[in-house]
Structures are given as structure tokens and as C-alpha cells.
file my_file.cif (mmCIF, C-alpha atoms)
data_coords
loop_
_atom_site.group_PDB
_atom_site.id
_atom_site.type_symbol
_atom_site.label_atom_id
_atom_site.label_comp_id
_atom_site.auth_asym_id
_atom_site.auth_seq_id
_atom_site.Cartn_x
_atom_site.Cartn_y
_atom_site.Cartn_z
ATOM 1 C CA MET A 1 -21.451 -9.012 9.215
ATOM 2 C CA GLU A 2 -20.923 -12.604 10.246
ATOM 3 C CA MET A 3 -19.104 -13.330 13.495
ATOM 4 C CA ALA A 4 -16.749 -15.763 11.724
ATOM 5 C CA LEU A 5 -15.591 -12.989 9.372
ATOM 6 C CA ARG A 6 -15.072 -10.592 12.288
ATOM 7 C CA GLU A 7 -12.995 -13.206 14.078
ATOM 8 C CA LEU A 8 -10.929 -13.926 10.948
ATOM 9 C CA VAL A 9 -10.050 -10.234 10.576
ATOM 10 C CA ARG A 10 -9.186 -9.908 14.269
ATOM 11 C CA ARG A 11 -6.975 -13.024 14.267
ATOM 12 C CA ARG A 12 -5.276 -12.076 10.997
ATOM 13 C CA ALA A 13 -4.341 -8.707 12.531
ATOM 14 C CA GLN A 14 -3.194 -10.400 15.756
ATOM 15 C CA ASP A 15 -5.374 -7.947 17.726
ATOM 16 C CA GLN A 16 -3.334 -4.962 16.495
ATOM 17 C CA CYS A 17 -4.487 -1.917 14.579
ATOM 18 C CA GLU A 18 -3.295 -2.560 11.052
ATOM 19 C CA TYR A 19 -2.434 1.116 10.629
ATOM 20 C CA CYS A 20 -0.724 2.370 13.826
ATOM 21 C CA ARG A 21 0.056 -1.064 15.364
ATOM 22 C CA LEU A 22 -1.616 -0.313 18.710
ATOM 23 C CA ASP A 23 -2.526 -3.546 20.488
ATOM 24 C CA GLN A 24 -6.214 -3.995 21.380
ATOM 25 C CA ARG A 25 -5.352 -4.760 25.010
ATOM 26 C CA HIS A 26 -4.030 -1.184 25.377
ATOM 27 C CA SER A 27 -7.288 0.424 24.317
ATOM 28 C CA ARG A 28 -10.461 0.894 26.325
ATOM 29 C CA LEU A 29 -12.432 1.038 23.082
ATOM 30 C CA ALA A 30 -13.081 -2.009 20.938
ATOM 31 C CA PHE A 31 -11.266 -1.934 17.614
ATOM 32 C CA HIS A 32 -13.323 -1.501 14.462
ATOM 33 C CA LEU A 33 -13.590 -3.642 11.362
ATOM 34 C CA GLU A 34 -12.646 -0.974 8.873
ATOM 35 C CA HIS A 35 -13.587 -1.027 5.200
ATOM 36 C CA ILE A 36 -10.322 -0.250 3.408
ATOM 37 C CA VAL A 37 -12.343 0.912 0.416
ATOM 38 C CA ALA A 38 -15.482 2.424 1.909
ATOM 39 C CA LYS A 39 -18.872 1.092 0.862
ATOM 40 C CA GLN A 40 -19.682 4.454 -0.714
ATOM 41 C CA HIS A 41 -16.723 3.904 -3.068
ATOM 42 C CA GLY A 42 -17.794 0.390 -3.992
ATOM 43 C CA GLY A 43 -15.957 -1.506 -1.252
ATOM 44 C CA GLY A 44 -17.686 -4.571 0.050
ATOM 45 C CA GLU A 45 -17.658 -6.897 3.017
ATOM 46 C CA ALA A 46 -15.111 -9.322 1.563
ATOM 47 C CA GLU A 47 -12.245 -10.224 3.886
ATOM 48 C CA ASP A 48 -9.693 -8.623 1.545
ATOM 49 C CA ASN A 49 -11.422 -5.241 2.028
ATOM 50 C CA LEU A 50 -11.516 -5.391 5.825
ATOM 51 C CA ALA A 51 -8.854 -4.342 8.316
ATOM 52 C CA LEU A 52 -8.734 -4.134 12.088
ATOM 53 C CA ALA A 53 -8.372 -0.491 13.087
ATOM 54 C CA CYS A 54 -8.214 1.313 16.393
ATOM 55 C CA HIS A 55 -10.864 3.912 17.096
ATOM 56 C CA ARG A 56 -8.603 6.863 16.209
ATOM 57 C CA CYS A 57 -7.254 5.440 12.944
ATOM 58 C CA ASN A 58 -10.718 4.442 11.796
ATOM 59 C CA LEU A 59 -12.253 7.834 12.579
ATOM 60 C CA HIS A 60 -9.451 9.777 10.913
ATOM 61 C CA LYS A 61 -9.353 7.561 7.836
ATOM 62 C CA GLY A 62 -13.085 7.681 7.223
ATOM 63 C CA PRO A 63 -13.836 7.003 3.547
ATOM 64 C CA ASN A 64 -10.474 8.453 2.396
ATOM 65 C CA LEU A 65 -8.566 6.474 -0.207
ATOM 66 C CA SER A 66 -5.747 8.955 -0.741
ATOM 67 C CA GLY A 67 -3.849 11.819 0.831
ATOM 68 C CA ILE A 68 -1.188 14.396 0.085
ATOM 69 C CA ASP A 69 2.442 13.417 0.708
ATOM 70 C CA PRO A 70 3.663 16.302 2.905
ATOM 71 C CA ASP A 71 7.178 16.079 1.416
ATOM 72 C CA THR A 72 6.294 16.204 -2.275
ATOM 73 C CA GLY A 73 2.771 17.654 -2.304
ATOM 74 C CA THR A 74 1.591 14.838 -4.571
ATOM 75 C CA LEU A 75 -1.669 12.942 -4.202
ATOM 76 C CA VAL A 76 -0.974 9.297 -3.323
ATOM 77 C CA PRO A 77 -3.058 6.315 -2.197
ATOM 78 C CA LEU A 78 -3.263 5.608 1.519
ATOM 79 C CA PHE A 79 -1.670 2.496 3.007
ATOM 80 C CA HIS A 80 -3.689 -0.598 2.083
ATOM 81 C CA PRO A 81 -3.239 -3.322 4.729
ATOM 82 C CA ARG A 82 -4.086 -6.149 2.323
ATOM 83 C CA ARG A 83 -1.689 -5.084 -0.442
ATOM 84 C CA ASP A 84 1.060 -3.118 1.293
ATOM 85 C CA LEU A 85 3.642 -4.242 3.858
ATOM 86 C CA TRP A 86 3.778 -2.043 6.977
ATOM 87 C CA ARG A 87 7.559 -2.213 7.316
ATOM 88 C CA GLU A 88 8.027 -0.942 3.752
ATOM 89 C CA HIS A 89 6.045 2.226 4.428
ATOM 90 C CA PHE A 90 6.513 2.921 8.151
ATOM 91 C CA GLU A 91 9.045 2.699 10.932
ATOM 92 C CA LEU A 92 8.574 3.240 14.648
ATOM 93 C CA ARG A 93 11.350 5.615 15.675
ATOM 94 C CA SER A 94 11.354 6.245 19.380
ATOM 95 C CA ILE A 95 7.737 7.343 20.005
ATOM 96 C CA ARG A 96 6.858 8.481 16.493
ATOM 97 C CA ILE A 97 5.809 6.524 13.438
ATOM 98 C CA GLU A 98 7.871 7.758 10.502
ATOM 99 C CA GLY A 99 6.812 7.467 6.876
ATOM 100 C CA LEU A 100 9.388 5.831 4.627
ATOM 101 C CA THR A 101 7.450 6.396 1.401
ATOM 102 C CA PRO A 102 4.923 8.883 0.030
ATOM 103 C CA ILE A 103 2.180 6.371 0.938
ATOM 104 C CA GLY A 104 3.483 6.123 4.495
ATOM 105 C CA ARG A 105 3.826 9.883 4.955
ATOM 106 C CA ALA A 106 0.365 10.624 3.544
ATOM 107 C CA THR A 107 -1.215 7.904 5.696
ATOM 108 C CA ILE A 108 0.461 9.228 8.843
ATOM 109 C CA GLN A 109 -0.866 12.693 8.087
ATOM 110 C CA VAL A 110 -4.451 11.681 7.202
ATOM 111 C CA LEU A 111 -4.769 9.263 10.134
ATOM 112 C CA ALA A 112 -3.007 11.671 12.547
ATOM 113 C CA MET A 113 -0.833 8.776 13.689
ATOM 114 C CA ASN A 114 1.544 11.047 15.620
ATOM 115 C CA ASP A 115 -0.917 13.386 17.299
ATOM 116 C CA ALA A 116 -0.179 14.292 20.908
ATOM 117 C CA ARG A 117 -2.498 11.689 22.472
ATOM 118 C CA ARG A 118 -1.006 8.854 20.450
ATOM 119 C CA VAL A 119 2.553 9.893 21.290
ATOM 120 C CA GLU A 120 1.597 10.114 24.977
ATOM 121 C CA LEU A 121 0.144 6.619 24.795
ATOM 122 C CA ARG A 122 3.322 5.223 23.202
ATOM 123 C CA ILE A 123 5.345 6.827 25.995
ATOM 124 C CA ALA A 124 3.032 5.347 28.635
ATOM 125 C CA LEU A 125 3.314 1.915 27.014
ATOM 126 C CA GLY A 126 7.115 2.150 26.948
ATOM 127 C CA MET A 127 7.261 1.927 23.153
ATOM 128 C CA THR A 128 10.457 3.997 23.061
#

call {"tool": "encode", "arguments": {"input": "my_file.cif", "output": "C-alpha cells"}}
result
Amino acid sequence: MEMALRELVRRRAQDQCEYCRLDQRHSRLAFHLEHIVAKQHGGGEAEDNLALACHRCNLHKGPNLSGIDPDTGTLVPLFHPRRDLWREHFELRSIRIEGLTPIGRATIQVLAMNDARRVELRIALGMT
């Protein structure tokens, strides 16, 4: 992948994970360029299929395109950083990210956005 494309994705995301909103400067691990639609599902290297993702979000998301909304039990697409607006699907309440929609709730569950380590990190960063 070309360096210019990597830099475009990083700048567009303002050095934040496009899923959990963690800032790169608060992570010891370099953020990943994540394929929103995985290559194995036909996703390519175009800028509209790439997102900046922290290590944890990227590993939990994997090639998943959908998840189960824990409130309704329905299968829904995961949050798509190029098409969806974060504030319409998520809200940071105290130290937890809350899902406002089925997409938000399913994404939080699949990406484990409120697991113990992430909540501890938000506390340490004073994100309350």
C-alpha cells in the first residue's frame, strides 16, 4: 500500500481509531489501516474502504461485516466509518461507549469496545 494512501487515511481520521475513538498518542501499538470490507469479501485498497483502527478494534472486527444487536437479536451491519456518522450510532457516557442504534450496539459487542481493559484505559485517560 502506498505511503500517500496510508497518510491520507491517518490524517482523515485525525489519528483516532474510527471505531472506539482512542487517540493514537495513547497507544503503544501503531494503529492499523483496516479494510472495512475485508479483501476476502471483495473489499479493495481504495481509500473509501480503509479506516484507521486501534489494535483491539481491528483484531476484534476481523473480516466481520455484521453482528447481532443484543437488544433485538437481529442481524445488522457493523458501523461503516465511510458511510455512517459516529455520533448517530454511539455516545461516550462516562467511561462506556453506548450504542444508540442496532448498528452501534452490534458494533460495540463485536469489537468488544467496553471490555475491562478499554474501560480501564478510558479511566486512566480521564475520559469520564

call {"tool": "closest_residue", "arguments": {"input": "my_file.cif", "among": "A:Glu18, A:Asp23, A:Asp115, A:Glu7", "to": "A:Phe79", "atoms": "only C-alpha atoms"}}
result
A:Glu18

call {"tool": "atom_distance", "arguments": {"input": "my_file.cif", "atom1": "atom CA of A:Asp15", "atom2": "atom CA of A:Val76"}}
result
27.6 Å

call {"tool": "axis_aligned_box", "arguments": {"input": "my_file.cif", "around": "stretch 10-13 of chain A", "padding_each_side": "5 Å", "output": "lines of an AutoDock Vina configuration file"}}
result
center_x = -6.8
center_y = -10.9
center_z = 12.6
size_x = 14.8
size_y = 14.3
size_z = 13.3

call {"tool": "resolve_selection", "arguments": {"input": "my_file.cif", "expression": "the PyMOL selection byres ((chain A and resi 85) around 12)", "output": "ChimeraX atom specification"}}
result
/A:18-19,79-84,86-91,100-101,103-104

call {"tool": "atom_distance", "arguments": {"input": "my_file.cif", "atom1": "atom CA of A:Leu111", "atom2": "atom CA of A:Arg56"}}
result
7.6 Å

call {"tool": "atom_distance", "arguments": {"input": "my_file.cif", "atom1": "atom CA of A:Leu65", "atom2": "atom CA of A:His35"}}
result
10.5 Å

call {"tool": "resolve_selection", "arguments": {"input": "my_file.cif", "expression": "the PyMOL selection byres ((chain A and resi 108) around 9)", "output": "ChimeraX atom specification"}}
result
/A:19-20,78,90,97-99,103-107,109-114

call {"tool": "residues_around", "arguments": {"input": "my_file.cif", "residues": "A:Val37", "least_positions_apart": "3", "cutoff": "9 Å", "atoms": "all atoms listed in the file", "output": "PDB file with C-alpha atoms, in the frame of the given file"}}
result
ATOM      1  CA  GLU A  34     -12.646  -0.974   8.873  1.00  0.00           C
ATOM      2  CA  GLN A  40     -19.682   4.454  -0.714  1.00  0.00           C
ATOM      3  CA  HIS A  41     -16.723   3.904  -3.068  1.00  0.00           C
ATOM      4  CA  GLY A  42     -17.794   0.390  -3.992  1.00  0.00           C
ATOM      5  CA  GLY A  43     -15.957  -1.506  -1.252  1.00  0.00           C
ATOM      6  CA  GLY A  44     -17.686  -4.571   0.050  1.00  0.00           C
ATOM      7  CA  ASN A  49     -11.422  -5.241   2.028  1.00  0.00           C
ATOM      8  CA  LEU A  50     -11.516  -5.391   5.825  1.00  0.00           C
ATOM      9  CA  PRO A  63     -13.836   7.003   3.547  1.00  0.00           C
ATOM     10  CA  ASN A  64     -10.474   8.453   2.396  1.00  0.00           C
ATOM     11  CA  LEU A  65      -8.566   6.474  -0.207  1.00  0.00           C
ATOM     12  CA  HIS A  80      -3.689  -0.598   2.083  1.00  0.00           C
TER      13      HIS A  80
END

call {"tool": "closest_residue", "arguments": {"input": "my_file.cif", "among": "A:Pro102, A:Ile95, A:Arg11, A:Phe31", "to": "A:Ala116", "atoms": "only C-alpha atoms"}}
result
A:Ile95

call {"tool": "resolve_selection", "arguments": {"input": "my_file.cif", "expression": "the PyMOL selection byres ((chain A and resi 122) around 12)", "output": "ChimeraX atom specification"}}
result
/A:20-23,26-27,92-97,113-121,123-128

call {"tool": "closest_residue", "arguments": {"input": "my_file.cif", "among": "A:Asp48, A:Gly73, A:Cys54, A:Ile68", "to": "A:Leu5", "atoms": "all atoms listed in the file"}}
result
A:Asp48

call {"tool": "closest_residue", "arguments": {"input": "my_file.cif", "among": "A:Ala38, A:Ala51, A:Cys57, A:Leu75", "to": "A:Gln14", "atoms": "all atoms listed in the file"}}
result
A:Ala51
